[in-house]
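Structure file input.cif (mmCIF, C-alpha atoms and all ligand atoms) is printed below.
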```cif
data_model
loop_
_atom_site.label_atom_id
_atom_site.label_comp_id
_atom_site.auth_asym_id
_atom_site.auth_seq_id
_atom_site.Cartn_x
_atom_site.Cartn_y
_atom_site.Cartn_z
CA MET A 11 -47.42 -41.19 -90.35
CA LEU A 12 -49.13 -38.07 -91.75
CA SER A 13 -51.37 -36.09 -89.45
CA PRO A 14 -54.34 -33.96 -90.67
CA SER A 15 -52.26 -30.79 -90.13
CA ASP A 16 -49.63 -32.13 -92.57
CA LEU A 17 -52.37 -32.34 -95.18
CA ARG A 18 -54.00 -28.99 -94.26
CA PRO A 19 -51.21 -26.90 -92.68
CA SER A 20 -53.49 -23.85 -92.81
CA GLU A 21 -55.63 -25.37 -90.01
CA HIS A 22 -53.21 -24.38 -87.27
CA LEU A 23 -52.39 -21.01 -88.90
CA TYR A 24 -55.82 -19.47 -88.40
CA THR A 25 -55.11 -18.80 -84.74
CA LYS A 26 -52.38 -16.34 -85.84
CA VAL A 27 -54.74 -14.18 -87.89
CA GLN A 28 -58.18 -14.77 -86.42
CA ARG A 29 -58.38 -11.23 -85.08
CA ALA A 30 -57.86 -9.87 -88.61
CA ILE A 31 -59.72 -12.34 -90.82
CA PRO A 32 -63.39 -13.30 -90.17
CA ALA A 33 -63.94 -17.07 -89.82
CA ILE A 34 -66.38 -17.06 -92.72
CA GLU A 35 -63.65 -15.79 -95.09
CA TRP A 36 -60.93 -18.14 -93.89
CA PRO A 37 -61.70 -21.18 -96.15
CA VAL A 38 -60.92 -19.09 -99.25
CA PHE A 39 -57.54 -18.04 -97.78
CA ALA A 40 -56.84 -21.56 -96.47
CA GLU A 41 -57.11 -23.13 -99.90
CA ASP A 42 -54.44 -20.82 -101.33
CA ILE A 43 -52.26 -21.14 -98.22
CA ASP A 44 -52.22 -24.94 -98.41
CA ALA A 45 -51.40 -24.81 -102.12
CA ILE A 46 -48.58 -22.26 -101.55
CA ILE A 47 -47.05 -24.32 -98.73
CA ALA A 48 -47.03 -27.40 -101.00
CA LEU A 49 -45.59 -25.42 -103.92
CA LYS A 50 -42.81 -23.98 -101.73
CA ARG A 51 -41.78 -27.53 -100.94
CA SER A 52 -41.93 -28.81 -104.52
CA ARG A 53 -40.14 -25.75 -105.97
CA ASN A 54 -37.63 -25.51 -103.10
CA ALA A 55 -38.69 -21.89 -102.66
CA VAL A 56 -38.70 -19.42 -99.80
CA ILE A 57 -40.97 -16.40 -99.46
CA LEU A 58 -39.45 -13.12 -98.26
CA ALA A 59 -42.21 -10.71 -97.27
CA HIS A 60 -42.02 -7.03 -96.44
CA ASN A 61 -43.71 -5.69 -93.29
CA TYR A 62 -46.41 -4.05 -95.48
CA GLN A 63 -47.78 -7.36 -96.77
CA THR A 64 -51.27 -8.32 -95.64
CA PRO A 65 -51.61 -10.55 -92.55
CA GLU A 66 -52.47 -13.75 -94.46
CA ILE A 67 -49.19 -13.37 -96.41
CA PHE A 68 -47.08 -12.02 -93.55
CA HIS A 69 -48.23 -14.49 -90.89
CA CYS A 70 -49.24 -17.55 -92.93
CA VAL A 71 -46.96 -18.12 -95.94
CA ALA A 72 -43.84 -15.93 -95.44
CA ASP A 73 -40.63 -17.67 -94.35
CA ILE A 74 -38.78 -14.43 -93.63
CA VAL A 75 -40.31 -11.04 -92.87
CA GLY A 76 -38.74 -7.65 -92.30
CA ASP A 77 -37.84 -4.18 -93.51
CA SER A 78 -35.88 -3.52 -96.70
CA LEU A 79 -32.54 -3.89 -94.92
CA ALA A 80 -33.43 -7.20 -93.27
CA LEU A 81 -34.84 -8.59 -96.52
CA ALA A 82 -31.62 -7.66 -98.35
CA ARG A 83 -29.47 -9.32 -95.70
CA GLU A 84 -31.66 -12.41 -95.57
CA ALA A 85 -31.80 -12.72 -99.38
CA MET A 86 -28.03 -13.08 -99.38
CA LYS A 87 -28.23 -16.11 -97.08
CA VAL A 88 -30.97 -18.00 -98.94
CA ASP A 89 -29.96 -21.51 -99.83
CA ALA A 90 -33.17 -22.58 -101.58
CA ASP A 91 -33.40 -22.53 -105.40
CA VAL A 92 -36.14 -19.92 -105.57
CA ILE A 93 -36.76 -16.64 -103.74
CA LEU A 94 -40.29 -15.28 -104.07
CA LEU A 95 -40.39 -11.63 -103.03
CA ALA A 96 -43.72 -10.60 -101.54
CA GLY A 97 -43.04 -6.89 -101.76
CA VAL A 98 -42.20 -4.44 -104.51
CA HIS A 99 -39.95 -4.65 -107.54
CA PHE A 100 -36.88 -2.89 -106.13
CA MET A 101 -36.83 -5.40 -103.25
CA ALA A 102 -36.85 -8.31 -105.71
CA GLU A 103 -34.04 -6.67 -107.70
CA THR A 104 -32.00 -6.22 -104.52
CA ALA A 105 -32.48 -9.91 -103.69
CA LYS A 106 -31.32 -10.85 -107.20
CA LEU A 107 -28.29 -8.58 -106.95
CA LEU A 108 -27.23 -10.15 -103.66
CA ASN A 109 -27.93 -13.77 -104.59
CA PRO A 110 -27.61 -13.85 -108.38
CA SER A 111 -27.59 -17.63 -108.81
CA LYS A 112 -31.14 -17.93 -107.44
CA THR A 113 -34.36 -17.63 -109.39
CA VAL A 114 -36.09 -14.55 -107.99
CA LEU A 115 -39.83 -14.24 -108.59
CA ILE A 116 -42.22 -11.36 -108.06
CA PRO A 117 -45.93 -12.19 -108.38
CA ASP A 118 -46.82 -8.90 -110.13
CA LEU A 119 -44.31 -6.94 -112.21
CA GLY A 120 -46.45 -3.83 -111.70
CA ALA A 121 -45.62 -3.69 -107.97
CA GLY A 122 -43.49 -0.55 -108.23
CA CYS A 123 -42.80 2.42 -105.96
CA SER A 124 -43.36 6.16 -106.40
CA LEU A 125 -39.83 6.81 -105.14
CA ALA A 126 -38.24 4.41 -107.63
CA ASP A 127 -40.27 6.07 -110.39
CA SER A 128 -39.05 9.55 -109.44
CA ILE A 129 -35.48 9.23 -110.73
CA THR A 130 -33.62 7.82 -113.74
CA PRO A 131 -29.98 6.88 -114.36
CA GLU A 132 -29.73 9.93 -116.64
CA ASP A 133 -30.79 12.19 -113.73
CA ILE A 134 -27.91 10.80 -111.67
CA ARG A 135 -25.39 11.29 -114.45
CA LEU A 136 -26.46 14.94 -114.68
CA LEU A 137 -26.14 15.35 -110.91
CA ARG A 138 -22.60 13.98 -111.09
CA GLN A 139 -21.70 16.56 -113.71
CA THR A 140 -23.11 19.32 -111.50
CA TYR A 141 -21.45 18.08 -108.28
CA PRO A 142 -18.43 16.06 -109.50
CA SER A 143 -16.83 15.47 -106.10
CA VAL A 144 -19.94 14.86 -103.97
CA PRO A 145 -20.76 11.20 -103.19
CA ILE A 146 -24.21 9.96 -104.22
CA VAL A 147 -26.14 8.02 -101.59
CA THR A 148 -29.12 6.27 -103.11
CA TYR A 149 -32.10 4.93 -101.19
CA VAL A 150 -32.74 1.24 -101.95
CA ASN A 151 -36.18 2.28 -103.20
CA THR A 152 -34.73 2.73 -106.70
CA SER A 153 -34.15 0.63 -109.81
CA ALA A 154 -30.95 -1.40 -110.22
CA ALA A 155 -30.03 0.95 -113.09
CA VAL A 156 -30.13 3.94 -110.71
CA LYS A 157 -28.17 2.04 -108.05
CA ALA A 158 -25.53 1.31 -110.69
CA GLU A 159 -24.88 5.07 -111.08
CA SER A 160 -24.55 5.59 -107.31
CA ASP A 161 -21.67 5.36 -104.86
CA ILE A 162 -23.52 3.64 -102.05
CA CYS A 163 -27.08 2.68 -101.10
CA CYS A 164 -28.96 3.16 -97.85
CA THR A 165 -32.28 2.14 -96.32
CA SER A 166 -34.41 3.97 -93.79
CA GLY A 167 -32.76 1.73 -91.17
CA ASN A 168 -29.17 2.78 -91.82
CA ALA A 169 -29.31 6.12 -93.72
CA ARG A 170 -27.56 8.20 -91.09
CA ALA A 171 -24.81 5.60 -90.54
CA VAL A 172 -24.22 5.36 -94.29
CA VAL A 173 -24.03 9.15 -94.74
CA GLU A 174 -21.63 9.52 -91.82
CA SER A 175 -19.50 6.55 -92.91
CA LEU A 176 -18.31 8.49 -95.95
CA GLY A 177 -16.33 11.01 -93.91
CA VAL A 178 -17.25 13.94 -96.16
CA GLU A 179 -18.87 17.33 -95.55
CA ARG A 180 -21.55 17.00 -98.20
CA VAL A 181 -23.51 14.18 -99.83
CA ILE A 182 -26.24 13.93 -102.42
CA MET A 183 -29.04 11.80 -101.02
CA LEU A 184 -31.83 10.68 -103.30
CA PRO A 185 -34.54 10.25 -104.37
CA ASP A 186 -36.61 10.77 -101.16
CA GLU A 187 -36.60 14.45 -100.27
CA TYR A 188 -38.18 13.88 -96.86
CA LEU A 189 -35.89 11.03 -95.82
CA ALA A 190 -32.93 13.20 -96.89
CA ARG A 191 -34.20 16.23 -94.94
CA ASN A 192 -34.95 14.08 -91.90
CA ILE A 193 -31.43 12.65 -91.95
CA ALA A 194 -29.94 16.12 -92.52
CA ALA A 195 -31.63 17.20 -89.29
CA GLU A 196 -29.73 14.48 -87.37
CA THR A 197 -26.23 14.89 -88.79
CA ARG A 198 -23.58 17.55 -89.39
CA VAL A 199 -23.13 16.32 -92.96
CA ARG A 200 -24.79 18.69 -95.45
CA VAL A 201 -27.32 16.90 -97.64
CA ILE A 202 -28.32 17.80 -101.19
CA THR A 203 -31.82 16.43 -101.85
CA TRP A 204 -33.95 15.30 -104.80
CA THR A 205 -37.70 15.80 -105.16
CA GLY A 206 -39.04 12.24 -104.91
CA HIS A 207 -41.76 11.38 -102.38
CA CYS A 208 -43.43 8.25 -101.12
CA GLU A 209 -47.07 8.51 -102.13
CA VAL A 210 -48.10 6.78 -98.88
CA HIS A 211 -46.07 8.74 -96.33
CA GLU A 212 -46.31 12.19 -97.93
CA ARG A 213 -50.04 12.16 -97.09
CA PHE A 214 -49.48 12.29 -93.33
CA SER A 215 -49.54 15.80 -91.87
CA ALA A 216 -48.51 17.46 -88.63
CA ALA A 217 -52.13 18.62 -88.14
CA GLU A 218 -53.24 14.97 -88.33
CA VAL A 219 -50.77 14.03 -85.59
CA ARG A 220 -52.05 16.85 -83.34
CA GLN A 221 -55.62 15.69 -83.97
CA LEU A 222 -54.65 12.10 -83.12
CA ARG A 223 -53.19 13.23 -79.81
CA GLU A 224 -56.33 15.19 -79.00
CA ASN A 225 -58.66 12.29 -79.90
CA HIS A 226 -56.55 9.58 -78.27
CA PRO A 227 -54.91 10.95 -75.11
CA GLY A 228 -51.60 9.34 -74.25
CA VAL A 229 -51.09 7.84 -77.70
CA VAL A 230 -47.44 7.15 -78.59
CA VAL A 231 -46.76 8.26 -82.16
CA LEU A 232 -44.23 6.31 -84.27
CA ALA A 233 -43.47 7.63 -87.76
CA HIS A 234 -41.58 6.35 -90.77
CA PRO A 235 -38.78 8.71 -91.92
CA GLU A 236 -40.38 8.95 -95.39
CA CYS A 237 -42.98 11.21 -93.71
CA PRO A 238 -42.54 15.00 -94.07
CA PRO A 239 -40.20 16.58 -91.47
CA ASP A 240 -43.03 18.43 -89.67
CA VAL A 241 -44.72 15.05 -89.05
CA LEU A 242 -41.52 13.68 -87.51
CA ALA A 243 -41.24 16.79 -85.37
CA GLU A 244 -44.64 15.91 -83.83
CA ALA A 245 -43.83 12.20 -83.41
CA ASP A 246 -42.34 10.43 -80.37
CA PHE A 247 -40.10 8.17 -82.44
CA ALA A 248 -39.02 7.82 -86.07
CA GLY A 249 -37.57 4.70 -87.63
CA SER A 250 -37.77 2.05 -90.32
CA THR A 251 -40.61 -0.44 -90.30
CA ALA A 252 -38.40 -2.88 -88.36
CA ALA A 253 -37.43 -0.16 -85.87
CA MET A 254 -41.12 0.60 -85.26
CA SER A 255 -41.83 -3.10 -84.63
CA CYS A 256 -38.91 -3.26 -82.19
CA TYR A 257 -40.15 -0.14 -80.39
CA VAL A 258 -43.54 -1.78 -79.82
CA ALA A 259 -41.93 -5.08 -78.75
CA ASP A 260 -39.54 -3.42 -76.29
CA ARG A 261 -41.61 -0.57 -74.84
CA ARG A 262 -45.16 -1.99 -75.11
CA PRO A 263 -46.90 1.42 -75.33
CA PRO A 264 -50.51 0.78 -74.18
CA ARG A 265 -51.88 3.05 -76.93
CA VAL A 266 -49.87 3.50 -80.10
CA VAL A 267 -50.13 4.70 -83.69
CA LEU A 268 -47.77 3.77 -86.53
CA LEU A 269 -47.69 6.50 -89.19
CA THR A 270 -46.98 4.23 -92.11
CA GLU A 271 -48.71 1.73 -94.40
CA CYS A 272 -51.90 0.07 -93.09
CA SER A 273 -50.84 -3.58 -93.08
CA MET A 274 -47.89 -2.79 -90.84
CA SER A 275 -50.23 -1.98 -87.95
CA ASP A 276 -52.40 -5.02 -88.77
CA ASN A 277 -49.38 -7.32 -88.58
CA VAL A 278 -47.92 -5.85 -85.41
CA ALA A 279 -51.31 -5.59 -83.68
CA LEU A 280 -51.85 -9.34 -84.19
CA GLN A 281 -48.73 -9.98 -82.14
CA TYR A 282 -49.75 -7.68 -79.27
CA PRO A 283 -53.45 -8.15 -78.52
CA ASP A 284 -53.06 -6.32 -75.19
CA LEU A 285 -52.04 -3.02 -76.87
CA GLU A 286 -54.43 -0.54 -78.47
CA PHE A 287 -53.48 0.40 -82.03
CA ILE A 288 -54.97 3.57 -83.48
CA ARG A 289 -55.04 3.13 -87.24
CA PRO A 290 -55.15 6.07 -89.60
CA CYS A 291 -54.68 4.19 -92.81
CA ASN A 292 -52.64 4.97 -95.96
CA LEU A 293 -52.47 2.01 -98.32
CA CYS A 294 -49.54 1.40 -100.66
CA PRO A 295 -51.20 0.39 -103.95
CA HIS A 296 -47.96 -1.29 -105.08
CA MET A 297 -47.55 -3.50 -102.02
CA LYS A 298 -51.24 -4.40 -102.30
CA LYS A 299 -50.71 -5.83 -105.80
CA ILE A 300 -49.28 -8.93 -104.11
CA THR A 301 -51.96 -11.44 -103.06
CA LEU A 302 -52.16 -15.08 -102.02
CA GLY A 303 -53.66 -15.77 -105.45
CA ASN A 304 -50.78 -14.35 -107.45
CA ILE A 305 -48.15 -15.84 -105.08
CA ARG A 306 -49.68 -19.25 -105.79
CA GLN A 307 -49.76 -18.51 -109.52
CA ALA A 308 -46.12 -17.31 -109.47
CA LEU A 309 -44.93 -20.54 -107.86
CA GLN A 310 -47.03 -22.62 -110.26
CA THR A 311 -45.82 -20.90 -113.42
CA MET A 312 -42.41 -19.67 -112.14
CA GLN A 313 -43.29 -16.15 -113.24
CA HIS A 314 -42.38 -13.34 -113.13
CA GLU A 315 -38.67 -13.89 -112.99
CA VAL A 316 -36.62 -10.83 -112.07
CA THR A 317 -33.44 -10.44 -114.11
CA ILE A 318 -30.85 -7.65 -114.17
CA ASP A 319 -28.81 -6.71 -117.18
CA ASP A 320 -25.15 -7.69 -116.84
CA SER A 321 -24.12 -4.18 -117.85
CA ILE A 322 -25.59 -2.76 -114.64
CA ALA A 323 -25.66 -5.69 -112.18
CA ALA A 324 -22.02 -5.53 -111.03
CA ARG A 325 -22.08 -1.76 -110.37
CA ALA A 326 -25.48 -1.89 -108.66
CA ARG A 327 -24.33 -4.81 -106.47
CA LEU A 328 -21.27 -2.84 -105.41
CA ALA A 329 -23.44 0.06 -104.19
CA VAL A 330 -25.61 -2.34 -102.15
CA GLU A 331 -22.63 -4.27 -100.79
CA ARG A 332 -20.94 -1.04 -99.69
CA MET A 333 -24.07 -0.25 -97.71
CA LEU A 334 -24.13 -3.70 -96.10
CA ALA A 335 -20.51 -3.27 -95.06
CA VAL A 336 -21.45 -0.13 -93.08
CA THR A 337 -24.09 -1.66 -90.80
P1 LIG A 401 -38.47 0.01 -94.64
O1 LIG A 401 -37.11 -0.24 -95.16
O2 LIG A 401 -38.50 0.87 -93.43
O3 LIG A 401 -39.21 -1.28 -94.44
O4 LIG A 401 -39.28 0.87 -95.72
C1 LIG A 401 -39.53 0.41 -97.00
C2 LIG A 401 -40.59 1.17 -97.64
O5 LIG A 401 -40.88 1.01 -98.80
C3 LIG A 401 -41.27 2.16 -96.82
O6 LIG A 401 -42.24 2.79 -97.54
FE1 LIG A 402 -42.71 2.93 -102.32
FE2 LIG A 402 -44.04 4.28 -100.48
FE3 LIG A 402 -45.04 1.99 -101.35
FE4 LIG A 402 -42.84 2.02 -99.78
S1 LIG A 402 -44.90 2.64 -99.23
S2 LIG A 402 -43.14 0.82 -101.65
S3 LIG A 402 -41.85 3.90 -100.50
S4 LIG A 402 -44.73 3.87 -102.58
#
```

Re-express the file's structure as structure tokens.
Ligand code: 13P
Ligand code: SF4
Amino acid sequence: MLSPSDLRPSEHLYTKVQRAIPAIEWPVFAEDIDAIIALKRSRNAVILAHNYQTPEIFHCVADIVGDSLALAREAMKVDADVILLAGVHFMAETAKLLNPSKTVLIPDLGAGCSLADSITPEDIRLLRQTYPSVPIVTYVNTSAAVKAESDICCTSGNARAVVESLGVERVIMLPDEYLARNIAAETRVRVITWTGHCEVHERFSAAEVRQLRENHPGVVVLAHPECPPDVLAEADFAGSTAAMSCYVADRRPPRVVLLTECSMSDNVALQYPDLEFIRPCNLCPHMKKITLGNIRQALQTMQHEVTIDDSIAARARLAVERMLAVT
């Protein structure tokens, strides 16, 4: 027999997000959430959501959440017919590369990334001519066409392990200059960098961290490695979005700040009501293009489907699979 929560699954979900979403706004969210849950069933779809998605997506409709590395690994295991990627375009492409028989949807094709936009396949071909024997390590925040020109990919969660796995003295690491410099500071491998930046993380400054410590005594500062090196030098810990979540889960710092995208703190703070989160906020305009409304629309219309040209898919997949074999 059906119970009321089978008909309105959103009813029990409000408790997860009530500290982030005012009760008066909930009915608008609930309508979309119920429709999305029904559409997931009828389309045999799963939603993979990045840690930067807003709480109503992250906590109420996502089936799998995580950082870029976890989403890549989980995409490979998906059995359902459809993967909807609540994140940005390179994440949807990575899912398609790793599970090519599935229909991969992204609710807004304009959900890009300043890092992915900072480099082209032609740039990589020129780099190869300049440094013919130096392996090219490419951050997953790139197009499939750029991955196809690379030797191996990495994420913020495994960059050092990937660089060191190659057993060489020198690598080219691109396109994120700051991630590359931050990894160079941790390893003996020499790193040639590119000039791409994340438009969210480049805005954090060392002065801001010092000010945070002055205003909030005892605060534990966690920073994403896409931040400039002087920010990491002032931080207590640097790691991927998943590593930051784990730090909070394991160490339970009573007062903490996550120097990364805003929704990350919102999502983690909902899980730890006893901890105080200080929230200087830099929004990613690309991640914020994904909403409950366009997730619902994507599942209704089965758009926008992410496809990858056969001429690049096999080479791009190889670069991602080499990375997954390292960690
Ligand atoms: P993570 O892999 O750490 O989740 O980072 C992805 C990203 O786009 C950070 O800006
Ligand atoms: Fe790209 Fe930065 Fe947005 Fe991540 S936060 S998707 S790196 S622009």

Who sits within 9 Å of Asn168 in chain A, all atoms listed in the file, same chain under 5 positions skipped, as a PyMOL selection string = chain A and resi 79+173+250+333+336-337

May I have the residues within 8 Å of ligand LIG 402 (chain A), computed using all atoms listed in the file, as a PyMOL selection string?
-> chain A and resi 62+97-98+122-126+151+207-211+236+270-271+293-297

Provide the CA of Met101 in chain A to CA of Cys256 in chain A distance in Å, to one decimal place.
->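 Answer for the CA of Met101 in chain A to CA of Cys256 in chain A separation: 21.3 Å.
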
Which one of A:Val267, A:Ile129, A:Ile288, A:Val156 sits closest to Ser255 in chain A if you count all atoms listed in the file?
->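 Of all the options, A:Val267 lies closest to Ser255 in chain A.
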
Emit as JSON the padded axis-aligned box for all listed atoms of ligand LIG 401 (chain A), 8 Å per side, with centre and edge lengths in Å to one decimal.
```
{"center_x": -39.7, "center_y": 0.8, "center_z": -96.1, "size_x": 21.1, "size_y": 20.1, "size_z": 21.4}
```

Which polymer residues, protein or nucleic acid, are no farther than 12 Å from (-54.6, -10.9, -82.7), counting only C-alpha atoms, as a list of chain:residue names?
->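 The distance filter leaves exactly A:Tyr24, A:Thr25, A:Lys26, A:Val27, A:Gln28, A:Arg29, A:Ala30, A:Ile31, A:Pro32, A:Pro65, A:His69, A:Ser275, A:Asp276, A:Asn277, A:Val278, A:Ala279, A:Leu280, A:Gln281, A:Tyr282, A:Pro283, A:Asp284, A:Leu285, A:Glu286, A:Phe287.
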
Ligand LIG 401 (chain A) neighbours within 6 Å using all atoms listed in the file, as a list in words |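 Selection of residues at most 6 Å from ligand LIG 401 (chain A): Asp77, Ser78, Leu79, Thr165, Ser166, Ser250 and Thr251 of chain A.
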
Which residues, written as a VMD selection string, have at least one atom at most 9 Å from range 301-306 of chain A, with all atoms listed in the file counted and residues fewer than 6 positions away on the same chain left out?
-> chain A and resid 39 42 to 43 45 to 46 49 63 to 64 66 to 67 71 94 96 116 to 118
